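Novice: What follows is a structure written as structure tokens; I'll ask about it next.
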There are 2 protein chains.
Amino acid sequence: MSDTPLQVIPLGGLGEIGKNMMAFQYGRDVLIIDAGLMFPENDMLGIDYIIPDFRYLSEQHGLRIRGILITHGHEDHTGAIQHVVSAFPAPIYATPLTAGLIEVKLRQARLLDRVPLNVFRAGDKLDLSPFWIEAFHVCHSIPDCVGFGINTPLGLFVHTGDFKFDPTPVDRRVTDYAKLASFSARGVVALFSDSTNADRRGWTPSESVIDGAFDRVFRAAKGRVIVSTFASLISRVQQVVWVSERYRRKIAIVGTSMAENVRMALKLGYLELPEGLLISPDEARYLPPNQVTFIVTGSQGEPSAVLNRLATNNHNTLSVQAGDTVIISAHPIPGNEETVSRTINRLFQRGAQVIYDPIDSVHVSGHASQEEQKLMLNLVRPRNFVPIHGELRHLKAHRELALQVGIPDERIAVVENGTKLLFYDGGRMEIGERVPGGYVFVDGNSVGDVTSSVIRERETLGRDGVVVLSAVIERRSGRLLCPPEIKAYGFVASATGNALLEGAVQAARRVLEEDNGNAQSKRDQVEDALSKLFYSETHHRPKLFVTVHEV
Amino acid sequence: MSDTPLQVIPLGGLGEIGKNMMAFQYGRDVLIIDAGLMFPENDMLGIDYIIPDFRYLSEQHGLRIRGILITHGHEDHTGAIQHVVSAFPAPIYATPLTAGLIEVKLRQARLLDRVPLNVFRAGDKLDLSPFWIEAFHVCHSIPDCVGFGINTPLGLFVHTGDFKFDPTPVDRRVTDYAKLASFSARGVVALFSDSTNADRRGWTPSESVIDGAFDRVFRAAKGRVIVSTFASLISRVQQVVWVSERYRRKIAIVGTSMAENVRMALKLGYLELPEGLLISPDEARYLPPNQVTFIVTGSQGEPSAVLNRLATNNHNTLSVQAGDTVIISAHPIPGNEETVSRTINRLFQRGAQVIYDPIDSVHVSGHASQEEQKLMLNLVRPRNFVPIHGELRHLKAHRELALQVGIPDERIAVVENGTKLLFYDGGRMEIGERVPGGYVFVDGNSVGDVTSSVIRERETLGRDGVVVLSAVIERRSGRLLCPPEIKAYGFVASATGNALLEGAVQAARRVLEEDNGNAQSKRDQVEDALSKLFYSETHHRPKLFVTVHEV
């Protein structure tokens with residue numbers, strides 16, 4: 001077996017490489033790291049979410065999936081877990097908070113009994129022979145994050161997970177410098193490291209800078225303070241708790257996912273909350289405005305989340321009023337810029353003061369910037385380097401940093417999802433073949449049925465709308481038995497009234513009455529006439545459905 | 001007439017206030033400033049562009065439009081000119097380059113003879129009685145930009161246009177500090193000032209920092225250099241000319257709008273180009289890669305522009321290869337982040353080195369940051385201040401800066417499009433009524449016919465697709481004469497094959513054969529049956545068109 005290489009394959013995801021799923025394979029034994037989803041881009045119409053295409057694994061016979069290891073509890077690392085365990089009933093391994101969040105998902109999918117959900121802590125060792133795992137703590141924007149030292153028959157590999165080196169994190173648990181250095185002493189065959197911010201200079205600011213910004217905002221606030229952030233950003237909730245306590249405000253949580261996550265974090269001890277500080281939104285309504293803080297969902301301007309409902313004055317129990325201060329303690333995820341801007345502008349319209357970065361430093365990124373990435377490279381001193389967790393451009397930028405700290409170009413592999421990396425005895429790395437490793441659309445009940453051709457059809461419909469016409473002719477005489485019925489939807493003529501549609505019916509009628517061909521020929525000619533008429537009148541090409549029945 | 005106020009109304013535009021059009025009205029005399037368009041947001045499906053809703057002006061009888069003054073040649077200030085001059089055949093006033101760009105638009109719209117197009121230069125005075133205009137130079141990201149001092153019977157008003165205070169602009173023409181100071185000495189009733197970057201701290205870097213970045217990139221480039229920027233950013237083209245000359249590269253222009261703008265800028269003397277430096281793209285193909293620079297369109301990732309065609313290897317004559325360096329000398333306009341990222345990633349996939357901000361400082365904003373905005377306020381020292389050119393959040397941030405430099409809160413007006421500002425003798429400002437001043441969709445041939453209800457219909461179609469079914473029954477017997485014909489488009493079942501659609505036909509058939517009602521009742525029941533079937537099978541609700549003909 002000494003010729004068997006260790007294979008590493010980043011699997012699936014949209015644009016970002018290795019973010020949602022990776023596989024470490026030695027012979028027939030496989031380790032899966034993360035099982036996440038991605039949200040569709042703006043032009044992927046109608047798609048609910050996207051999961052990794054892991055058919056490369058499911059199509060190999062006799063594989064032994066030794067474990068599904070999860071680095072942390074964010075959706076892009078956990079959100080496809082129900083799809084992955086349906087395909088591979090292998091044990092899951094996660095830290096307590098991550099396991100708590102996964103448990104909720106598996107229960108909803110009625111898959112909780114399908115696989116063991118094992119809990120470990122940073123510093124623990126897991127024997128998943130032939131792999132032997134050392135989990136280590138990293139800082140990020142949710143508690144209980146880990147990276148993995150992966151001992152294999154071909155040596156030690158290090159996977160950072162999502163990380164930053166925050167010297168003063170809210171929970172006081174810094175990234176495990178000592179463990180990283182000890183890996184280095186033992187010799188690391190390859191480092192797989194988070195590239196998200198590889199084009200940002202300097203250091204990502206510490207979470208603690210937010211305390212200063214919160215203090216400024218709360219000190220100045222005359223009315224209610226409404227803080228919106230990611231439901232998973234428990235450390236941010238902790239910071240809101242501290243500043244609210246200091247300014248004698250009670251806290252009410254609004255929004256299901258936020259309430260659930262806070263409950264989970266309290267239960268598992270990830271949130272320190274003084275007795276009596278937390279009140280219900282109902283109780284909050286009877287307190288003076290300057291004695292209440294609301295923590296709400298919707299920092300991305302999601303239409304159905306609380307913040308957007310407040311912005312559009314469309315929430316059941318809460319409304320924004322003049323004198324309120326709204327803090328958006330989040331950055332827009334790429335693609336959400338427009339909806340977030342719109343939400344901010346609408347909150348201003350309602351009379352609120354809105355504080356967001358860059359107005360004040362009320363949010364920082366959860367990912368390492370360039371100096372931290374160089375620190376990671378220097379701590380681990382790997383033989384080979386593989387940038388992951390970022391778009392191709394971020395991986396390329398991360399490669400430049402690795403060159404700067406002295407890793408030779410031929411030992412850096414910038415690859416895309418589905419490209420195999422092969423590691424041989426002695427630490428030699430080779431770029432192997434490309435296997436399917438893209439993404440799969442999840443749309444309603446359907447997984448993978450919606451293809452790009454369906455998306456293109458939706459684009460046509462969304463751009464130009466649809467016109468439906470049907471009529472009945474007598475087969476023998478060709479006589480029109482039922483005059484054409486027409487309907488338009490999403491077409492400019494739906495608005496301009498009926499003149500154009502009436503003209504279309506007349507045009508169809510003329511064809512049906514005059515043409516001597518069969519139903520198919522009449523249908524084609526009607527479609528042709530309508531297509532020309534609509535384009536000349538509107539410069540649009542609505543999708544046409546013409547049916548001519550013969551009886 | 002001494003009680004007649006001067007009215008100022010920001011008119012139209014999407015989100016940004018006063019950016020696309022403003023009106024200054026005294027009695028029946030009106031001055032229009034700018035006539036621009038906006039591009040639709042990602043969820044405004046099918047819309048080509050958006051123009052100001054100026055019906056407030058067109059519905060007043062007997063108005064005298066004394067002139068349409070244009071601050072600079074960007075689309076968001078000129079792109080609606082054909083719509084505006086169709087409504088108001090008033091003389092246009094613009095600087096030479098701006099007038100050149102407008103001329104092209106009017107010629108295309110066959111409106112060149114409709115109105116006089118008058119050319120002025122910064123420093124000129126225009127008598128448009130009762131208004132008397134002093135144009136002054138400002139720096140921005142296209143040459144030949146101006147702001148206006150507007151002398152009225154009620155005093156002097158200042159409109160900055162889009163501006164920044166670049167101390168070292170490429171064309172060496174700085175913003176006219178002296179003129180601004182002289183306005184201040186005479187007393188300014190109100191300042192209307194660009195708020196775009198009001199949430200950015202510090203100073204916007206000078207255009208000249210780009211020289212350094214270009215030098216670094218060109219020095220390192222081994223193959224061809226391809227620079228993509230805005231076609232209107234003539235000063236950037238000048239910088240590419242200088243660095244190309246220094247590194248002995250010829251320049252070829254690819255892309256219609258870029259070629260046209262360069263031609264216009266050369267003709268009018270806004271671009272210095274050494275003899276023989278400019279070659280055709282054809283000639284460029286025969287030069288060694290390290291002796292050519294291409295300047296191309298498409299810095300926003302627009303699907304049909306050159307850069308995206310290069311990224312997707314879909315251009316007629318040019319293709320990107322390993323060793324090429326691509327510089328994206330632009331920032332994504334909000335809403336374009338995803339397409340720009342995708343383009344960058346694809347260029348990397350093709351083997352190019354891609355340089356963009358923040359990888360290196362190859363672009364800077366054309367708008368003033370906070371310190372410059374404070375400088376403008378301090379130079380002009382207006383009695384009243386009206387932030388314009390920005391979303392509501394930017395106007396609010398600009399208001400904070402005005403407070404910092406000592407303008408009292410009651411003399412700052414943050415208003416939205418369509419809100420009248422009234423200025424009375426003695427400099428008193430009042431916020432007046434709100435008139436229609438939003439935006440109008442332009443979609444194919446139609447101006448204003450597409451409403452938000454049509455957009456919502458397009459959303460439904462784009463999300464869930466459409467299913468069309470029609471059948472014929474005999475009126476007397478209720479017998480099915482033509483079995484249901486079904487078609488799906490953009491619906492998940494278009495991909496899953498025909499089982500679901502076959503099921504739908506069977507369900508429709510059962511209703512049509514069993515129900516005893518009339519055609520309308522049968523139609524409703526078929527629709528109901530299909531709706532339930534599709535939702536239970538796919539969790540989607542495609543738009544249904546069911547037609548039941550009776551003969």
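Residue numbering restarts at 1 for every chain of the structure tokens, chains are lettered A, B, ... in their displayed order, and ligands are numbered from 1 as they appear.
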Determine, for each residue of chain B having at least one atom at most 7 Å from an atom of chain A, the closest pair of atoms and their separation in Å to one decimal, counting only C-alpha atoms; order by chain and ascending number, as JSON lines.
Specialist:
{"residue": "B:Asn42", "atom": "CA", "partner": "A:Asn42", "partner_atom": "CA", "distance": 6.9}
{"residue": "B:Leu45", "atom": "CA", "partner": "A:Arg463", "partner_atom": "CA", "distance": 5.4}
{"residue": "B:Gly46", "atom": "CA", "partner": "A:Arg463", "partner_atom": "CA", "distance": 3.7}
{"residue": "B:Asp199", "atom": "CA", "partner": "A:Ile359", "partner_atom": "CA", "distance": 5.7}
{"residue": "B:Arg200", "atom": "CA", "partner": "A:Pro358", "partner_atom": "CA", "distance": 6.8}
{"residue": "B:Pro334", "atom": "CA", "partner": "A:Glu337", "partner_atom": "CA", "distance": 6.8}
{"residue": "B:Gly335", "atom": "CA", "partner": "A:Glu338", "partner_atom": "CA", "distance": 5.9}
{"residue": "B:Glu337", "atom": "CA", "partner": "A:Gly335", "partner_atom": "CA", "distance": 6.6}
{"residue": "B:Glu338", "atom": "CA", "partner": "A:Gly335", "partner_atom": "CA", "distance": 5.9}
{"residue": "B:Ile344", "atom": "CA", "partner": "A:Arg393", "partner_atom": "CA", "distance": 6.8}
{"residue": "B:Asn345", "atom": "CA", "partner": "A:Leu392", "partner_atom": "CA", "distance": 5.4}
{"residue": "B:Phe348", "atom": "CA", "partner": "A:Arg393", "partner_atom": "CA", "distance": 6.7}
{"residue": "B:Pro358", "atom": "CA", "partner": "A:Asp199", "partner_atom": "CA", "distance": 6.2}
{"residue": "B:Ile359", "atom": "CA", "partner": "A:Asp199", "partner_atom": "CA", "distance": 5.7}
{"residue": "B:Glu391", "atom": "CA", "partner": "A:Asn345", "partner_atom": "CA", "distance": 6.9}
{"residue": "B:Leu392", "atom": "CA", "partner": "A:Asn345", "partner_atom": "CA", "distance": 5.4}
{"residue": "B:Arg393", "atom": "CA", "partner": "A:Asn345", "partner_atom": "CA", "distance": 5.5}
{"residue": "B:Gly444", "atom": "CA", "partner": "A:His539", "partner_atom": "CA", "distance": 4.7}
{"residue": "B:Asn445", "atom": "CA", "partner": "A:Thr538", "partner_atom": "CA", "distance": 4.9}
{"residue": "B:Ser446", "atom": "CA", "partner": "A:Thr538", "partner_atom": "CA", "distance": 6.4}
{"residue": "B:Asp449", "atom": "CA", "partner": "A:Thr496", "partner_atom": "CA", "distance": 5.8}
{"residue": "B:Val450", "atom": "CA", "partner": "A:Val492", "partner_atom": "CA", "distance": 5.6}
{"residue": "B:Thr451", "atom": "CA", "partner": "A:Ala495", "partner_atom": "CA", "distance": 6.9}
{"residue": "B:Val454", "atom": "CA", "partner": "A:Gly490", "partner_atom": "CA", "distance": 4.9}
{"residue": "B:Ile455", "atom": "CA", "partner": "A:Gly490", "partner_atom": "CA", "distance": 6.6}
{"residue": "B:Glu457", "atom": "CA", "partner": "A:Gly490", "partner_atom": "CA", "distance": 4.7}
{"residue": "B:Arg458", "atom": "CA", "partner": "A:Gly462", "partner_atom": "CA", "distance": 4.4}
{"residue": "B:Glu459", "atom": "CA", "partner": "A:Gly462", "partner_atom": "CA", "distance": 6.1}
{"residue": "B:Leu461", "atom": "CA", "partner": "A:Leu461", "partner_atom": "CA", "distance": 5.7}
{"residue": "B:Gly462", "atom": "CA", "partner": "A:Arg458", "partner_atom": "CA", "distance": 4.5}
{"residue": "B:Arg463", "atom": "CA", "partner": "A:Gly46", "partner_atom": "CA", "distance": 3.7}
{"residue": "B:Asp464", "atom": "CA", "partner": "A:Gly46", "partner_atom": "CA", "distance": 6.2}
{"residue": "B:Gly465", "atom": "CA", "partner": "A:Arg458", "partner_atom": "CA", "distance": 6.0}
{"residue": "B:Leu481", "atom": "CA", "partner": "A:Val551", "partner_atom": "CA", "distance": 6.5}
{"residue": "B:Cys482", "atom": "CA", "partner": "A:Val551", "partner_atom": "CA", "distance": 6.8}
{"residue": "B:Tyr489", "atom": "CA", "partner": "A:Glu457", "partner_atom": "CA", "distance": 6.3}
{"residue": "B:Gly490", "atom": "CA", "partner": "A:Arg458", "partner_atom": "CA", "distance": 4.6}
{"residue": "B:Phe491", "atom": "CA", "partner": "A:Val454", "partner_atom": "CA", "distance": 6.9}
{"residue": "B:Val492", "atom": "CA", "partner": "A:Val450", "partner_atom": "CA", "distance": 5.6}
{"residue": "B:Ser494", "atom": "CA", "partner": "A:Val454", "partner_atom": "CA", "distance": 6.9}
{"residue": "B:Ala495", "atom": "CA", "partner": "A:Asp449", "partner_atom": "CA", "distance": 5.8}
{"residue": "B:Thr496", "atom": "CA", "partner": "A:Asp449", "partner_atom": "CA", "distance": 5.8}
{"residue": "B:Thr538", "atom": "CA", "partner": "A:Asn445", "partner_atom": "CA", "distance": 4.9}
{"residue": "B:His539", "atom": "CA", "partner": "A:Gly444", "partner_atom": "CA", "distance": 4.7}
{"residue": "B:His540", "atom": "CA", "partner": "A:Gly444", "partner_atom": "CA", "distance": 6.1}
{"residue": "B:His549", "atom": "CA", "partner": "A:Cys482", "partner_atom": "CA", "distance": 6.9}
{"residue": "B:Val551", "atom": "CA", "partner": "A:Leu481", "partner_atom": "CA", "distance": 6.5}
Novice: Please provide as an MDAnalysis selection string all residues within 12 Å of Ala284 in chain A, with the sequence filter that same-chain residues fewer than 4 positions apart are discarded (counting only C-alpha atoms).
Specialist: chainID A and resid 224:226 249:254 277:280 288:295 317:318
Novice: Between CA of His137 in chain B and CA of Thr168 in chain B, measure the distance and give it in Å to one decimal.
Specialist: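 Interatomic distance, CA of His137 in chain B to CA of Thr168 in chain B: 14.3 Å.
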Novice: What's the separation between CA of Leu266 in chain A and CA of Ser365 in chain A, in Å to one decimal place?
Specialist: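 Interatomic distance here is 23.9 Å.
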Novice: For the strand (DSSP E or B) assignment from backbone DSSP, which residues of range 355-543 of chain B qualify? Please present them as a ChimeraX atom specification.
Specialist: /B:355-356,384-388,412,419-423,429-434,439-443,446-447,466-473,480-489,543
Novice: Name the residues in contact with range 84-98 of chain B at a cut-off of 6 Å, using only C-alpha atoms, excluding same-chain residues fewer than 5 positions from it; report them as a PyMOL selection string.
Specialist: chain B and resi 65+67-70+72-73+115-121
Novice: So, with only C-alpha atoms as the atoms that count, which of B:Arg28, B:Glu400, B:Leu307, B:Leu501 lies closest to Ile328 in chain B?
Specialist: B:Leu307
Novice: Find the distance between CA of Thr78 in chain A and CA of Asn20 in chain A and write it in Å to one decimal.
Specialist: 7.9 Å
Novice: If you run DSSP on the backbone here, which positions in range 141-309 of chain A get helix (DSSP H, G or I)? Please write them as a PyMOL selection string.
Specialist: chain A and resi 177-186+209-220+234-246+256-268+281-284+289-291+306-309
Novice: For Val362 in chain A, find every residue with an atom within 12 Å (counting only C-alpha atoms), except residues of its own chain fewer than 2 positions away, and show them as JSON, numbers by chain.
Specialist: {"A": [205, 206, 207, 208, 209, 210, 211, 212, 213, 214, 215, 216, 217, 218, 227, 228, 229, 236, 239, 240, 326, 327, 328, 329, 330, 331, 354, 355, 356, 357, 358, 359, 360, 364, 365]}
